[in-house]
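So the structure is just underneath, and the comments pick up after that.
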Amino acid sequence: MSGIQVRALRKDFPVRETGLLGPFRPRTVKTAVDGLDLDIPPGRITGLLGLNGAGKTTTIKILATLLRPTSGTVHVDGLDTVADARAVRRRINLIAGGERMVYTRLTGRENLWYFGQLYDVPKARLRRRIDELLALVGLTDAADTTAERYSKGMTQRLAIARGLINEPDYLLLDEPTLGLDAPIARDLRRVVADLAASAGTGVLLTSHYLAEVEELCGHVYVISGGRHLAEGSPAELKAATGSHRTVRITITNPNEQVAAVAESFGAHREPNADGTELITLRHPDDIAGPLAAAIVGAGGSIGGLEIAEASLEDAILTLAEAPEAVPA
């Protein structure tokens, strides 16, 4: 059994409330993850999306063996993340944006040497690996500077290097490009894509940068309140929620023939104050060319054409606000 399999995963956190002056009230439970099933196969970048508080970070921490599930199971290549935690940790690594994942009193090089030893990377290989990763994240010149003197962006770049030190079979990425400069974020995306395509690394990615998800992920899970809402490719999710690309064409000489063309395509017509007309069509396919050609064929003159691509963000919001409207 290869890959990461998550089945009926649940995580409850105890919550103890108290009044302003009164004693502690009985302890209640907050459910962060509620019966979740996921599959992260080798060689694929899988997205995990949802609004804030959906349970994404809790899920990733359970997969990383940092939290124990309340119930359900997680297996990594057949190994249970609770019973076989030590063996699982040799196969995985975690990069989390916004969290301190390095020791500030150690230099960049010392951090990587320390974590490399924890993963039992052979020393000869580790020395080469450290130099490779410092170059990758742009920290070669700061390699022997203590991390407490690093900027926030430099610290995050060191955390990325730490997350790659053991050449993991599975890489868990929780907002990995948060706070990174654009060139470093681009390089990280390239590295992650290469790891999946060339090394067969299985990757789970959460990110608020949805363009990043669309660029990298072949399959995406959408969750809310720790529950599964939908899954599929970014294109499938957008199509399922009606998040189609929008074509807007301005007609400078509106006439009956052009109106008939617009009606045949199911487009919306709206007159403008200057006597022109705006034709708008939302469609899952690339329909701009055929629509424009039909308008010109009907004697219409095009004063402007705009294509707005479908938004994955709109799809996520639709799913979160009306999950019953979209099949899982």
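Here, A, B, ... name the chains of the structure tokens in the order displayed, residue numbers run from 1 inside each chain, and ligands are numbered from 1 in the same displayed order.
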Residue contacts of Leu188 of chain A (10 Å, only C-alpha atoms) excluding same-chain residues fewer than 3 positions away, as number ranges by chain:
A: 136-137, 157, 160-161, 176-177, 180, 182-185, 191-194
Going by DSSP on the backbone, which bits of segment 32-277 of chain A are helix (DSSP H, G or I)? Write them as a ChimeraX atom specification, please.
/A:56-63,85-89,108-118,123-136,140-142,147-149,152-164,182-199,210-216,234-240,256-265
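Distances from A:Tyr150, A:Glu175, A:Asn272, A:Glu256 to Leu210 of chain A were compared using only C-alpha atoms, and the smallest one belongs to A:Glu175.
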Any idea what's packed within 10 Å of Asp34 of chain A, counting only C-alpha atoms, ignoring anything in its chain fewer than 2 positions away? Could you give it as a PDB file with all heavy atoms, in the first residue's frame?
ATOM      1  N   ALA A   8     -11.598   8.347   7.735  1.00  0.00           N
ATOM      2  CA  ALA A   8     -12.496   8.691   8.855  1.00  0.00           C
ATOM      3  C   ALA A   8     -11.763   9.475   9.948  1.00  0.00           C
ATOM      4  O   ALA A   8     -12.000   9.275  11.142  1.00  0.00           O
ATOM      5  CB  ALA A   8     -13.121   7.420   9.431  1.00  0.00           C
ATOM      6  N   LEU A   9     -10.901  10.394   9.538  1.00  0.00           N
ATOM      7  CA  LEU A   9     -10.067  11.124  10.493  1.00  0.00           C
ATOM      8  C   LEU A   9     -10.904  12.119  11.299  1.00  0.00           C
ATOM      9  O   LEU A   9     -11.695  12.892  10.746  1.00  0.00           O
ATOM     10  CB  LEU A   9      -8.956  11.865   9.754  1.00  0.00           C
ATOM     11  CG  LEU A   9      -7.908  12.557  10.623  1.00  0.00           C
ATOM     12  CD1 LEU A   9      -7.114  11.519  11.408  1.00  0.00           C
ATOM     13  CD2 LEU A   9      -6.971  13.400   9.754  1.00  0.00           C
ATOM     14  N   ARG A  10     -10.691  12.103  12.605  1.00  0.00           N
ATOM     15  CA  ARG A  10     -11.394  13.024  13.490  1.00  0.00           C
ATOM     16  C   ARG A  10     -10.419  13.550  14.543  1.00  0.00           C
ATOM     17  O   ARG A  10      -9.599  12.792  15.071  1.00  0.00           O
ATOM     18  CB  ARG A  10     -12.566  12.327  14.189  1.00  0.00           C
ATOM     19  CG  ARG A  10     -13.388  13.254  15.094  1.00  0.00           C
ATOM     20  CD  ARG A  10     -14.498  12.490  15.804  1.00  0.00           C
ATOM     21  NE  ARG A  10     -15.306  13.375  16.645  1.00  0.00           N
ATOM     22  CZ  ARG A  10     -16.413  13.979  16.236  1.00  0.00           C
ATOM     23  NH1 ARG A  10     -16.849  13.789  15.003  1.00  0.00           N
ATOM     24  NH2 ARG A  10     -17.083  14.779  17.056  1.00  0.00           N
ATOM     25  N   LYS A  11     -10.531  14.844  14.823  1.00  0.00           N
ATOM     26  CA  LYS A  11      -9.721  15.438  15.884  1.00  0.00           C
ATOM     27  C   LYS A  11     -10.589  16.384  16.697  1.00  0.00           C
ATOM     28  O   LYS A  11     -11.128  17.373  16.185  1.00  0.00           O
ATOM     29  CB  LYS A  11      -8.521  16.192  15.316  1.00  0.00           C
ATOM     30  CG  LYS A  11      -7.621  16.806  16.387  1.00  0.00           C
ATOM     31  CD  LYS A  11      -7.025  15.767  17.322  1.00  0.00           C
ATOM     32  CE  LYS A  11      -6.151  16.383  18.399  1.00  0.00           C
ATOM     33  NZ  LYS A  11      -5.616  15.386  19.336  1.00  0.00           N
ATOM     34  N   ASP A  12     -10.719  16.062  17.985  1.00  0.00           N
ATOM     35  CA  ASP A  12     -11.452  16.906  18.923  1.00  0.00           C
ATOM     36  C   ASP A  12     -10.473  17.585  19.874  1.00  0.00           C
ATOM     37  O   ASP A  12      -9.494  16.970  20.305  1.00  0.00           O
ATOM     38  CB  ASP A  12     -12.429  16.070  19.752  1.00  0.00           C
ATOM     39  CG  ASP A  12     -13.508  15.420  18.905  1.00  0.00           C
ATOM     40  OD1 ASP A  12     -13.879  16.011  17.875  1.00  0.00           O
ATOM     41  OD2 ASP A  12     -13.974  14.321  19.276  1.00  0.00           O
ATOM     42  N   THR A  31     -14.642  20.201  17.523  1.00  0.00           N
ATOM     43  CA  THR A  31     -14.204  19.250  16.501  1.00  0.00           C
ATOM     44  C   THR A  31     -13.546  20.013  15.364  1.00  0.00           C
ATOM     45  O   THR A  31     -14.195  20.805  14.681  1.00  0.00           O
ATOM     46  CB  THR A  31     -15.392  18.418  15.977  1.00  0.00           C
ATOM     47  OG1 THR A  31     -15.960  17.703  17.072  1.00  0.00           O
ATOM     48  CG2 THR A  31     -14.930  17.433  14.916  1.00  0.00           C
ATOM     49  N   ALA A  32     -12.248  19.788  15.159  1.00  0.00           N
ATOM     50  CA  ALA A  32     -11.498  20.477  14.107  1.00  0.00           C
ATOM     51  C   ALA A  32     -11.484  19.686  12.807  1.00  0.00           C
ATOM     52  O   ALA A  32     -11.442  20.267  11.723  1.00  0.00           O
ATOM     53  CB  ALA A  32     -10.068  20.741  14.573  1.00  0.00           C
ATOM     54  N   LEU A  36     -12.758  12.800   7.992  1.00  0.00           N
ATOM     55  CA  LEU A  36     -12.144  13.171   6.716  1.00  0.00           C
ATOM     56  C   LEU A  36     -11.440  11.980   6.063  1.00  0.00           C
ATOM     57  O   LEU A  36     -10.742  11.215   6.712  1.00  0.00           O
ATOM     58  CB  LEU A  36     -11.136  14.290   6.962  1.00  0.00           C
ATOM     59  CG  LEU A  36     -10.618  15.055   5.757  1.00  0.00           C
ATOM     60  CD1 LEU A  36     -11.760  15.728   5.000  1.00  0.00           C
ATOM     61  CD2 LEU A  36      -9.602  16.108   6.203  1.00  0.00           C
ATOM     62  N   ASP A  37     -11.640  11.833   4.750  1.00  0.00           N
ATOM     63  CA  ASP A  37     -10.926  10.856   3.922  1.00  0.00           C
ATOM     64  C   ASP A  37     -10.092  11.609   2.891  1.00  0.00           C
ATOM     65  O   ASP A  37     -10.606  12.511   2.213  1.00  0.00           O
ATOM     66  CB  ASP A  37     -11.896   9.942   3.169  1.00  0.00           C
ATOM     67  CG  ASP A  37     -12.625   8.971   4.080  1.00  0.00           C
ATOM     68  OD1 ASP A  37     -12.254   8.884   5.260  1.00  0.00           O
ATOM     69  OD2 ASP A  37     -13.564   8.312   3.601  1.00  0.00           O
ATOM     70  N   GLY A  55      -9.860  23.422   9.087  1.00  0.00           N
ATOM     71  CA  GLY A  55      -9.220  22.219   9.606  1.00  0.00           C
ATOM     72  C   GLY A  55      -7.992  21.793   8.822  1.00  0.00           C
ATOM     73  O   GLY A  55      -7.460  20.700   9.046  1.00  0.00           O
ATOM     74  N   THR A  70      -8.118  11.848  17.231  1.00  0.00           N
ATOM     75  CA  THR A  70      -9.074  11.335  18.205  1.00  0.00           C
ATOM     76  C   THR A  70      -9.593   9.972  17.762  1.00  0.00           C
ATOM     77  O   THR A  70      -9.762   9.054  18.571  1.00  0.00           O
ATOM     78  CB  THR A  70     -10.240  12.331  18.374  1.00  0.00           C
ATOM     79  OG1 THR A  70      -9.711  13.588  18.797  1.00  0.00           O
ATOM     80  CG2 THR A  70     -11.243  11.829  19.403  1.00  0.00           C
ATOM     81  N   SER A  71      -9.841   9.836  16.464  1.00  0.00           N
ATOM     82  CA  SER A  71     -10.236   8.554  15.885  1.00  0.00           C
ATOM     83  C   SER A  71      -9.904   8.592  14.408  1.00  0.00           C
ATOM     84  O   SER A  71      -9.524   9.626  13.858  1.00  0.00           O
ATOM     85  CB  SER A  71     -11.726   8.280  16.107  1.00  0.00           C
ATOM     86  OG  SER A  71     -12.520   9.278  15.485  1.00  0.00           O
ATOM     87  N   GLY A  72     -10.070   7.452  13.753  1.00  0.00           N
ATOM     88  CA  GLY A  72      -9.685   7.344  12.353  1.00  0.00           C
ATOM     89  C   GLY A  72      -8.226   6.951  12.226  1.00  0.00           C
ATOM     90  O   GLY A  72      -7.505   6.807  13.224  1.00  0.00           O
ATOM     91  N   ILE A 223     -12.497  21.406   2.020  1.00  0.00           N
ATOM     92  CA  ILE A 223     -13.100  21.026   3.292  1.00  0.00           C
ATOM     93  C   ILE A 223     -13.675  22.253   3.986  1.00  0.00           C
ATOM     94  O   ILE A 223     -13.278  23.394   3.714  1.00  0.00           O
ATOM     95  CB  ILE A 223     -12.093  20.311   4.224  1.00  0.00           C
ATOM     96  CG1 ILE A 223     -10.943  21.249   4.618  1.00  0.00           C
ATOM     97  CG2 ILE A 223     -11.553  19.047   3.560  1.00  0.00           C
ATOM     98  CD1 ILE A 223      -9.984  20.625   5.634  1.00  0.00           C
ATOM     99  N   SER A 224     -14.620  22.007   4.887  1.00  0.00           N
ATOM    100  CA  SER A 224     -15.196  23.074   5.709  1.00  0.00           C
ATOM    101  C   SER A 224     -15.615  22.448   7.025  1.00  0.00           C
ATOM    102  O   SER A 224     -16.264  21.394   7.049  1.00  0.00           O
ATOM    103  CB  SER A 224     -16.414  23.690   5.012  1.00  0.00           C
ATOM    104  OG  SER A 224     -17.003  24.686   5.831  1.00  0.00           O
ATOM    105  N   GLY A 225     -15.236  23.083   8.126  1.00  0.00           N
ATOM    106  CA  GLY A 225     -15.543  22.519   9.427  1.00  0.00           C
ATOM    107  C   GLY A 225     -14.962  21.135   9.614  1.00  0.00           C
ATOM    108  O   GLY A 225     -15.511  20.312  10.347  1.00  0.00           O
ATOM    109  N   GLY A 226     -13.835  20.879   8.948  1.00  0.00           N
ATOM    110  CA  GLY A 226     -13.187  19.584   9.053  1.00  0.00           C
ATOM    111  C   GLY A 226     -13.840  18.488   8.244  1.00  0.00           C
ATOM    112  O   GLY A 226     -13.412  17.329   8.295  1.00  0.00           O
ATOM    113  N   ARG A 227     -14.861  18.830   7.453  1.00  0.00           N
ATOM    114  CA  ARG A 227     -15.578  17.840   6.658  1.00  0.00           C
ATOM    115  C   ARG A 227     -15.263  17.993   5.173  1.00  0.00           C
ATOM    116  O   ARG A 227     -15.026  19.097   4.685  1.00  0.00           O
ATOM    117  CB  ARG A 227     -17.090  17.970   6.849  1.00  0.00           C
ATOM    118  CG  ARG A 227     -17.582  17.726   8.259  1.00  0.00           C
ATOM    119  CD  ARG A 227     -19.101  17.725   8.301  1.00  0.00           C
ATOM    120  NE  ARG A 227     -19.605  17.577   9.658  1.00  0.00           N
ATOM    121  CZ  ARG A 227     -19.946  18.581  10.430  1.00  0.00           C
ATOM    122  NH1 ARG A 227     -19.832  19.823   9.973  1.00  0.00           N
ATOM    123  NH2 ARG A 227     -20.399  18.371  11.658  1.00  0.00           N
ATOM    124  N   HIS A 228     -15.334  16.886   4.467  1.00  0.00           N
ATOM    125  CA  HIS A 228     -15.132  16.866   3.022  1.00  0.00           C
ATOM    126  C   HIS A 228     -16.322  17.527   2.332  1.00  0.00           C
ATOM    127  O   HIS A 228     -17.481  17.188   2.587  1.00  0.00           O
ATOM    128  CB  HIS A 228     -14.999  15.400   2.580  1.00  0.00           C
ATOM    129  CG  HIS A 228     -14.849  15.209   1.101  1.00  0.00           C
ATOM    130  ND1 HIS A 228     -15.905  15.328   0.227  1.00  0.00           N
ATOM    131  CD2 HIS A 228     -13.772  14.886   0.351  1.00  0.00           C
ATOM    132  CE1 HIS A 228     -15.486  15.093  -1.000  1.00  0.00           C
ATOM    133  NE2 HIS A 228     -14.189  14.810  -0.954  1.00  0.00           N
TER     134      HIS A 228
END
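You can rank A:Arg89, A:Lys238, A:His75, A:Lys152 by their closest distance to Asp181 of chain A using only C-alpha atoms, and at the top of that list sits A:Lys152.
Checking A:Pro14, A:Gly304, A:Gly275, A:Gly266 one by one against Ile249 of chain A, counting only C-alpha atoms, you find the shortest gap at A:Gly304.
Here atom CA of Gly78 of chain A stands at a distance of 13.6 Å from atom CA of Arg90 of chain A.
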Counting only C-alpha atoms, what is within 9 Å of Met101 of chain A, bar same-chain residues fewer than 5 positions away, as an mmCIF file with N, CA, C and O atoms, in the first residue's frame?
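Heads up, here's the output in out27.cif:
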data_model
loop_
_atom_site.group_PDB
_atom_site.id
_atom_site.type_symbol
_atom_site.label_atom_id
_atom_site.label_comp_id
_atom_site.auth_asym_id
_atom_site.auth_seq_id
_atom_site.Cartn_x
_atom_site.Cartn_y
_atom_site.Cartn_z
ATOM 1 N N ILE A 95 6.882 21.691 5.776
ATOM 2 C CA ILE A 95 7.255 23.103 5.637
ATOM 3 C C ILE A 95 6.004 23.917 5.919
ATOM 4 O O ILE A 95 5.003 23.789 5.210
ATOM 5 N N ALA A 96 6.042 24.749 6.971
ATOM 6 C CA ALA A 96 4.874 25.536 7.371
ATOM 7 C C ALA A 96 5.242 27.004 7.408
ATOM 8 O O ALA A 96 6.141 27.407 8.149
ATOM 9 N N THR A 155 14.295 33.557 7.474
ATOM 10 C CA THR A 155 13.957 32.441 8.370
ATOM 11 C C THR A 155 13.053 31.434 7.664
ATOM 12 O O THR A 155 13.227 30.215 7.807
ATOM 13 N N GLN A 156 12.095 31.956 6.890
ATOM 14 C CA GLN A 156 11.211 31.052 6.157
ATOM 15 C C GLN A 156 11.977 30.282 5.081
ATOM 16 O O GLN A 156 11.721 29.097 4.848
ATOM 17 N N LEU A 158 15.093 29.379 5.296
ATOM 18 C CA LEU A 158 15.838 28.338 6.010
ATOM 19 C C LEU A 158 14.905 27.180 6.374
ATOM 20 O O LEU A 158 15.295 26.007 6.308
ATOM 21 N N ALA A 159 13.665 27.496 6.748
ATOM 22 C CA ALA A 159 12.693 26.446 7.070
ATOM 23 C C ALA A 159 12.400 25.579 5.843
ATOM 24 O O ALA A 159 12.174 24.363 5.971
ATOM 25 N N ARG A 162 15.304 23.242 5.546
ATOM 26 C CA ARG A 162 15.165 22.208 6.572
ATOM 27 C C ARG A 162 14.156 21.142 6.148
ATOM 28 O O ARG A 162 14.347 19.938 6.366
#
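For the pair atom CA of Pro254 of chain A and atom CA of Gly300 of chain A, the interatomic distance is 6.6 Å.
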So that I can check the surroundings of Glu110 of chain A, please list as a PyMOL selection string every protein, DNA and RNA residue that reaches within 9 Å of it, counting only C-alpha atoms and ignoring chain neighbours fewer than 3 positions away.
chain A and resi 106-107+113-115+143-144+146
Store the residues picked out above, limited to N, CA, C and O atoms, as an mmCIF file, in the first residue's frame.
data_model
loop_
_atom_site.group_PDB
_atom_site.id
_atom_site.type_symbol
_atom_site.label_atom_id
_atom_site.label_comp_id
_atom_site.auth_asym_id
_atom_site.auth_seq_id
_atom_site.Cartn_x
_atom_site.Cartn_y
_atom_site.Cartn_z
ATOM 1 N N LEU A 106 21.282 28.915 16.456
ATOM 2 C CA LEU A 106 22.196 28.207 15.559
ATOM 3 C C LEU A 106 22.294 28.965 14.247
ATOM 4 O O LEU A 106 21.384 29.697 13.853
ATOM 5 N N THR A 107 23.408 28.797 13.551
ATOM 6 C CA THR A 107 23.538 29.389 12.224
ATOM 7 C C THR A 107 22.673 28.594 11.243
ATOM 8 O O THR A 107 22.169 27.509 11.557
ATOM 9 N N TRP A 113 22.612 21.009 9.540
ATOM 10 C CA TRP A 113 23.427 19.876 9.997
ATOM 11 C C TRP A 113 22.693 19.125 11.107
ATOM 12 O O TRP A 113 22.632 17.888 11.109
ATOM 13 N N TYR A 114 22.097 19.867 12.039
ATOM 14 C CA TYR A 114 21.383 19.251 13.160
ATOM 15 C C TYR A 114 20.195 18.425 12.658
ATOM 16 O O TYR A 114 20.039 17.243 13.026
ATOM 17 N N PHE A 115 19.356 19.028 11.822
ATOM 18 C CA PHE A 115 18.169 18.315 11.350
ATOM 19 C C PHE A 115 18.553 17.155 10.425
ATOM 20 O O PHE A 115 17.892 16.108 10.423
ATOM 21 N N ALA A 143 25.046 31.665 5.509
ATOM 22 C CA ALA A 143 25.079 30.311 6.056
ATOM 23 C C ALA A 143 25.650 30.259 7.467
ATOM 24 O O ALA A 143 25.205 29.458 8.298
ATOM 25 N N ASP A 144 26.621 31.123 7.769
ATOM 26 C CA ASP A 144 27.289 31.076 9.066
ATOM 27 C C ASP A 144 26.859 32.215 9.989
ATOM 28 O O ASP A 144 27.553 32.546 10.956
ATOM 29 N N THR A 146 23.903 33.506 12.654
ATOM 30 C CA THR A 146 22.873 32.898 13.491
ATOM 31 C C THR A 146 21.483 33.291 12.981
ATOM 32 O O THR A 146 21.268 34.417 12.525
#
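Distance annotation: of A:Ile45, A:Leu79, A:Leu237, A:Leu205, the residue with the minimal separation from Leu94 of chain A is A:Leu205; atom set is only C-alpha atoms.
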